[in-house]
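Participant: Next up, data-v9.pdb (PDB, C-alpha atoms and all ligand atoms).
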ATOM      1  CA  MET A   1     -44.704 -53.326  51.462  1.00  0.00           C
ATOM      2  CA  ILE A   2     -47.673 -54.279  49.341  1.00  0.00           C
ATOM      3  CA  PRO A   3     -47.222 -54.934  45.607  1.00  0.00           C
ATOM      4  CA  LEU A   4     -49.962 -53.695  43.298  1.00  0.00           C
ATOM      5  CA  ASN A   5     -50.642 -53.476  39.586  1.00  0.00           C
ATOM      6  CA  VAL A   6     -52.175 -50.036  38.998  1.00  0.00           C
ATOM      7  CA  ASN A   7     -52.926 -48.702  35.538  1.00  0.00           C
ATOM      8  CA  ALA A   8     -50.656 -51.372  34.023  1.00  0.00           C
ATOM      9  CA  ARG A   9     -47.738 -50.356  36.241  1.00  0.00           C
ATOM     10  CA  ALA A  10     -46.182 -52.452  38.994  1.00  0.00           C
ATOM     11  CA  VAL A  11     -45.918 -50.443  42.214  1.00  0.00           C
ATOM     12  CA  THR A  12     -45.301 -51.163  45.862  1.00  0.00           C
ATOM     13  CA  VAL A  13     -46.851 -49.186  48.661  1.00  0.00           C
ATOM     14  CA  GLU A  14     -46.061 -49.026  52.316  1.00  0.00           C
ATOM     15  CA  ALA A  15     -49.442 -49.298  53.952  1.00  0.00           C
ATOM     16  CA  ALA A  16     -51.252 -51.425  56.497  1.00  0.00           C
ATOM     17  CA  PRO A  17     -53.099 -54.255  54.706  1.00  0.00           C
ATOM     18  CA  ASP A  18     -56.472 -53.027  55.987  1.00  0.00           C
ATOM     19  CA  THR A  19     -56.024 -49.560  54.457  1.00  0.00           C
ATOM     20  CA  PRO A  20     -58.812 -48.897  51.949  1.00  0.00           C
ATOM     21  CA  LEU A  21     -57.598 -49.086  48.362  1.00  0.00           C
ATOM     22  CA  LEU A  22     -59.071 -45.609  47.841  1.00  0.00           C
ATOM     23  CA  TRP A  23     -56.644 -44.035  50.310  1.00  0.00           C
ATOM     24  CA  VAL A  24     -53.697 -45.806  48.747  1.00  0.00           C
ATOM     25  CA  LEU A  25     -54.654 -44.620  45.269  1.00  0.00           C
ATOM     26  CA  ARG A  26     -55.112 -41.018  46.361  1.00  0.00           C
ATOM     27  CA  GLU A  27     -52.566 -40.565  49.134  1.00  0.00           C
ATOM     28  CA  HIS A  28     -49.764 -42.944  48.212  1.00  0.00           C
ATOM     29  CA  LEU A  29     -49.975 -42.924  44.435  1.00  0.00           C
ATOM     30  CA  GLY A  30     -51.367 -39.429  43.805  1.00  0.00           C
ATOM     31  CA  LEU A  31     -54.206 -40.741  41.643  1.00  0.00           C
ATOM     32  CA  THR A  32     -56.731 -38.170  42.806  1.00  0.00           C
ATOM     33  CA  GLY A  33     -59.217 -38.733  39.990  1.00  0.00           C
ATOM     34  CA  THR A  34     -60.862 -41.332  42.207  1.00  0.00           C
ATOM     35  CA  LYS A  35     -63.040 -39.527  44.750  1.00  0.00           C
ATOM     36  CA  TYR A  36     -64.087 -40.066  48.324  1.00  0.00           C
ATOM     37  CA  GLY A  37     -67.819 -39.630  48.786  1.00  0.00           C
ATOM     38  CA  CYS A  38     -69.332 -41.762  51.525  1.00  0.00           C
ATOM     39  CA  GLY A  39     -66.632 -44.225  52.546  1.00  0.00           C
ATOM     40  CA  VAL A  40     -69.166 -47.033  52.987  1.00  0.00           C
ATOM     41  CA  ALA A  41     -69.739 -48.341  49.444  1.00  0.00           C
ATOM     42  CA  SER A  42     -72.972 -46.395  49.038  1.00  0.00           C
ATOM     43  CA  CYS A  43     -72.311 -43.635  46.502  1.00  0.00           C
ATOM     44  CA  GLY A  44     -69.981 -44.884  43.763  1.00  0.00           C
ATOM     45  CA  ALA A  45     -67.666 -41.855  43.752  1.00  0.00           C
ATOM     46  CA  CYS A  46     -64.666 -44.104  44.398  1.00  0.00           C
ATOM     47  CA  THR A  47     -65.376 -46.624  41.607  1.00  0.00           C
ATOM     48  CA  VAL A  48     -62.354 -48.247  39.966  1.00  0.00           C
ATOM     49  CA  HIS A  49     -61.894 -51.510  38.079  1.00  0.00           C
ATOM     50  CA  LEU A  50     -60.394 -54.686  39.501  1.00  0.00           C
ATOM     51  CA  ASP A  51     -59.655 -57.055  36.620  1.00  0.00           C
ATOM     52  CA  GLY A  52     -62.274 -55.156  34.622  1.00  0.00           C
ATOM     53  CA  GLU A  53     -65.029 -55.269  37.235  1.00  0.00           C
ATOM     54  CA  ALA A  54     -66.360 -52.064  38.770  1.00  0.00           C
ATOM     55  CA  VAL A  55     -65.701 -51.995  42.514  1.00  0.00           C
ATOM     56  CA  ARG A  56     -65.945 -49.448  45.321  1.00  0.00           C
ATOM     57  CA  SER A  57     -62.366 -48.734  46.300  1.00  0.00           C
ATOM     58  CA  CYS A  58     -63.378 -47.314  49.685  1.00  0.00           C
ATOM     59  CA  ALA A  59     -64.598 -50.748  50.731  1.00  0.00           C
ATOM     60  CA  ILE A  60     -61.669 -52.894  49.559  1.00  0.00           C
ATOM     61  CA  ALA A  61     -58.635 -53.379  51.769  1.00  0.00           C
ATOM     62  CA  VAL A  62     -55.417 -52.897  49.843  1.00  0.00           C
ATOM     63  CA  GLY A  63     -54.164 -56.145  51.299  1.00  0.00           C
ATOM     64  CA  ASP A  64     -56.996 -57.997  49.557  1.00  0.00           C
ATOM     65  CA  VAL A  65     -56.248 -56.701  46.046  1.00  0.00           C
ATOM     66  CA  GLY A  66     -53.488 -59.194  45.334  1.00  0.00           C
ATOM     67  CA  ALA A  67     -52.471 -59.618  41.706  1.00  0.00           C
ATOM     68  CA  ARG A  68     -55.691 -58.196  40.280  1.00  0.00           C
ATOM     69  CA  ALA A  69     -55.237 -55.287  37.886  1.00  0.00           C
ATOM     70  CA  VAL A  70     -56.434 -51.971  39.299  1.00  0.00           C
ATOM     71  CA  THR A  71     -57.588 -49.399  36.753  1.00  0.00           C
ATOM     72  CA  THR A  72     -58.452 -45.852  37.749  1.00  0.00           C
ATOM     73  CA  ILE A  73     -59.854 -43.045  35.629  1.00  0.00           C
ATOM     74  CA  GLU A  74     -56.232 -42.047  34.896  1.00  0.00           C
ATOM     75  CA  GLY A  75     -55.723 -45.463  33.273  1.00  0.00           C
ATOM     76  CA  LEU A  76     -58.893 -45.532  31.196  1.00  0.00           C
ATOM     77  CA  PRO A  77     -57.873 -46.701  27.698  1.00  0.00           C
ATOM     78  CA  GLY A  78     -57.467 -43.805  25.296  1.00  0.00           C
ATOM     79  CA  GLY A  79     -57.476 -41.172  28.026  1.00  0.00           C
ATOM     80  CA  ALA A  80     -59.241 -38.044  26.766  1.00  0.00           C
ATOM     81  CA  GLN A  81     -60.047 -39.871  23.524  1.00  0.00           C
ATOM     82  CA  ASN A  82     -61.897 -42.664  25.271  1.00  0.00           C
ATOM     83  CA  PRO A  83     -65.426 -42.792  23.772  1.00  0.00           C
ATOM     84  CA  LEU A  84     -66.998 -42.268  27.178  1.00  0.00           C
ATOM     85  CA  VAL A  85     -64.855 -39.243  27.992  1.00  0.00           C
ATOM     86  CA  ARG A  86     -65.582 -37.759  24.571  1.00  0.00           C
ATOM     87  CA  ALA A  87     -69.301 -38.387  25.087  1.00  0.00           C
ATOM     88  CA  TRP A  88     -69.202 -36.815  28.546  1.00  0.00           C
ATOM     89  CA  VAL A  89     -67.745 -33.693  26.941  1.00  0.00           C
ATOM     90  CA  ALA A  90     -70.142 -33.738  23.986  1.00  0.00           C
ATOM     91  CA  VAL A  91     -73.197 -34.046  26.236  1.00  0.00           C
ATOM     92  CA  GLN A  92     -71.724 -31.651  28.830  1.00  0.00           C
ATOM     93  CA  THR A  93     -72.650 -34.153  31.520  1.00  0.00           C
ATOM     94  CA  PRO A  94     -70.882 -32.868  34.651  1.00  0.00           C
ATOM     95  CA  GLN A  95     -72.092 -30.128  36.905  1.00  0.00           C
ATOM     96  CA  CYS A  96     -69.766 -29.926  39.921  1.00  0.00           C
ATOM     97  CA  GLY A  97     -68.026 -32.988  38.488  1.00  0.00           C
ATOM     98  CA  TYR A  98     -67.321 -34.688  41.783  1.00  0.00           C
ATOM     99  CA  CYS A  99     -69.143 -37.954  41.071  1.00  0.00           C
ATOM    100  CA  GLN A 100     -68.295 -38.129  37.393  1.00  0.00           C
ATOM    101  CA  THR A 101     -65.112 -40.171  37.381  1.00  0.00           C
ATOM    102  CA  GLY A 102     -66.957 -42.863  39.301  1.00  0.00           C
ATOM    103  CA  GLN A 103     -69.843 -42.600  36.837  1.00  0.00           C
ATOM    104  CA  ILE A 104     -67.500 -43.070  33.884  1.00  0.00           C
ATOM    105  CA  MET A 105     -65.713 -46.036  35.446  1.00  0.00           C
ATOM    106  CA  GLN A 106     -69.046 -47.675  36.222  1.00  0.00           C
ATOM    107  CA  ALA A 107     -70.313 -46.971  32.685  1.00  0.00           C
ATOM    108  CA  ALA A 108     -67.160 -48.438  31.141  1.00  0.00           C
ATOM    109  CA  THR A 109     -67.918 -51.877  32.545  1.00  0.00           C
ATOM    110  CA  LEU A 110     -71.398 -51.757  31.041  1.00  0.00           C
ATOM    111  CA  LEU A 111     -70.191 -50.919  27.530  1.00  0.00           C
ATOM    112  CA  ALA A 112     -67.498 -53.590  27.806  1.00  0.00           C
ATOM    113  CA  ARG A 113     -70.136 -56.287  28.082  1.00  0.00           C
ATOM    114  CA  SER A 114     -73.090 -54.618  26.351  1.00  0.00           C
ATOM    115  CA  PRO A 115     -71.956 -52.263  23.557  1.00  0.00           C
ATOM    116  CA  ARG A 116     -75.523 -51.100  22.750  1.00  0.00           C
ATOM    117  CA  PRO A 117     -77.306 -51.024  26.105  1.00  0.00           C
ATOM    118  CA  SER A 118     -80.967 -50.135  26.384  1.00  0.00           C
ATOM    119  CA  ARG A 119     -82.038 -47.214  28.573  1.00  0.00           C
ATOM    120  CA  GLU A 120     -83.294 -49.735  31.144  1.00  0.00           C
ATOM    121  CA  GLU A 121     -79.953 -51.549  31.157  1.00  0.00           C
ATOM    122  CA  ILE A 122     -78.154 -48.259  31.668  1.00  0.00           C
ATOM    123  CA  LEU A 123     -80.404 -47.195  34.526  1.00  0.00           C
ATOM    124  CA  ASP A 124     -80.040 -50.584  36.165  1.00  0.00           C
ATOM    125  CA  HIS A 125     -76.249 -50.627  35.828  1.00  0.00           C
ATOM    126  CA  MET A 126     -75.795 -47.042  37.020  1.00  0.00           C
ATOM    127  CA  GLN A 127     -78.277 -47.026  39.896  1.00  0.00           C
ATOM    128  CA  GLY A 128     -75.607 -47.243  42.604  1.00  0.00           C
ATOM    129  CA  ASN A 129     -73.744 -44.166  41.395  1.00  0.00           C
ATOM    130  CA  LEU A 130     -75.226 -41.150  43.119  1.00  0.00           C
ATOM    131  CA  CYS A 131     -74.983 -37.549  41.939  1.00  0.00           C
ATOM    132  CA  ARG A 132     -75.845 -34.675  44.238  1.00  0.00           C
ATOM    133  CA  CYS A 133     -76.198 -32.431  41.206  1.00  0.00           C
ATOM    134  CA  ALA A 134     -78.723 -34.855  39.689  1.00  0.00           C
ATOM    135  CA  THR A 135     -77.036 -35.282  36.316  1.00  0.00           C
ATOM    136  CA  TYR A 136     -78.725 -38.651  35.873  1.00  0.00           C
ATOM    137  CA  ASN A 137     -80.368 -37.851  32.533  1.00  0.00           C
ATOM    138  CA  GLN A 138     -77.106 -36.478  31.145  1.00  0.00           C
ATOM    139  CA  VAL A 139     -75.266 -39.618  32.296  1.00  0.00           C
ATOM    140  CA  VAL A 140     -77.722 -41.791  30.359  1.00  0.00           C
ATOM    141  CA  ASP A 141     -77.464 -39.505  27.308  1.00  0.00           C
ATOM    142  CA  ALA A 142     -73.666 -39.655  27.438  1.00  0.00           C
ATOM    143  CA  ILE A 143     -73.585 -43.449  27.665  1.00  0.00           C
ATOM    144  CA  GLN A 144     -75.961 -43.718  24.702  1.00  0.00           C
ATOM    145  CA  HIS A 145     -73.827 -41.189  22.812  1.00  0.00           C
ATOM    146  CA  ALA A 146     -70.664 -43.213  23.536  1.00  0.00           C
ATOM    147  CA  ALA A 147     -72.387 -46.422  22.434  1.00  0.00           C
ATOM    148  CA  ARG A 148     -73.331 -44.810  19.119  1.00  0.00           C
ATOM    149  CA  GLU A 149     -69.867 -43.354  18.502  1.00  0.00           C
ATOM    150  CA  ALA A 150     -67.754 -46.337  19.593  1.00  0.00           C
TER
HETATM  151  S1  LIG B 201     -66.798 -43.325  48.586  1.00  0.00           S
HETATM  152 FE1  LIG B 201     -66.847 -45.392  47.995  1.00  0.00          FE
HETATM  153  S2  LIG B 201     -68.905 -45.775  47.480  1.00  0.00           S
HETATM  154 FE2  LIG B 201     -68.921 -43.764  48.315  1.00  0.00          FE
HETATM  155  S1  LIG B 202     -71.934 -33.641  39.096  1.00  0.00           S
HETATM  156 FE1  LIG B 202     -71.991 -32.909  41.137  1.00  0.00          FE
HETATM  157  S2  LIG B 202     -72.189 -34.711  42.316  1.00  0.00           S
HETATM  158 FE2  LIG B 202     -72.459 -35.384  40.292  1.00  0.00          FE
END
Translate this structure into structure tokens?
Facilitator:
Amino acid sequence: MIPLNVNARAVTVEAAPDTPLLWVLREHLGLTGTKYGCGVASCGACTVHLDGEAVRSCAIAVGDVGARAVTTIEGLPGGAQNPLVRAWVAVQTPQCGYCQTGQIMQAATLLARSPRPSREEILDHMQGNLCRCATYNQVVDAIQHAAREA
């Protein structure tokens, strides 16, 4: 049994320590907002926070998480009222939507340390989050919108 702190809740999961955190979140805990894209830390679809840092959950073994706090899109502060979620709706950012939870989780770590990021900062911070629908301009617009409204 592996103890975890997920979305401010203490849970234990029965999984081999080398199981990717992504599988545990989706399959064991039913937190399906976090998506599987590439499985090799190259697309950002599976982005969650570990102690507030954006990480690729497909590339982290659950046995290596330890006491660090895991936050998924389901645990984003404010839920639907989170400034980023509201901005994503206002800008109508998603197309198919598949990559967007990872985009939001990645964006959240930028605004946490830089509340008024420049366009260059945003592009630099978001460059590892791929979108097959090419919503990149809308992602930047939404982050700027959230920064203005927060
Ligand atoms: S699924 Fe983890 S980075 Fe692509
Ligand atoms: S909205 Fe379709 S992959 Fe990004």
Participant: Taking the file as shown, find all residues satisfying the PyMOL selection byres (((chain A and resi 123-134) around 9) and not hetatm) and write them as number ranges by chain.
Facilitator: A: 42-45, 47, 94-100, 102-103, 106-107, 110, 118-122, 135-140
Participant: Using only C-alpha atoms, find the one residue out of A:Gly33, A:Pro117, A:Pro77, A:Gly39 that sits nearest to A:Ser57.
Facilitator: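 Checking each of A:Gly33, A:Pro117, A:Pro77, A:Gly39 against A:Ser57, counting only C-alpha atoms, the winner is A:Gly39.
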Participant: In Å, how far is it from atom CA of A:Gly37 to atom CA of A:Ala147?
Facilitator: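 Atom CA of A:Ala147 lies 27.6 Å from atom CA of A:Gly37.
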Participant: Nearest residue to A:Val89 out of A:Asp141, A:Glu74, A:Glu53, A:Asp18, using all atoms listed in the file?
Facilitator: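 Checking each of A:Asp141, A:Glu74, A:Glu53, A:Asp18 against A:Val89, counting all atoms listed in the file, the winner is A:Asp141.
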Participant: For the provided coordinates, the residues matched by the PyMOL selection byres (((chain A and resi 7) around 7) and not hetatm) should be stated as a count of residues only.
Facilitator: 8
Participant: As an exercise, work out the distance from atom CA of A:Gly30 to atom CA of A:Ala10 in Å and give it to one decimal place.
Facilitator: 14.8 Å
Participant: Rank nothing, just name the residue among A:Ala146, A:Val11, A:Val48, A:Ile2 nearest to A:Gln81, using only C-alpha atoms.
Facilitator: A:Ala146
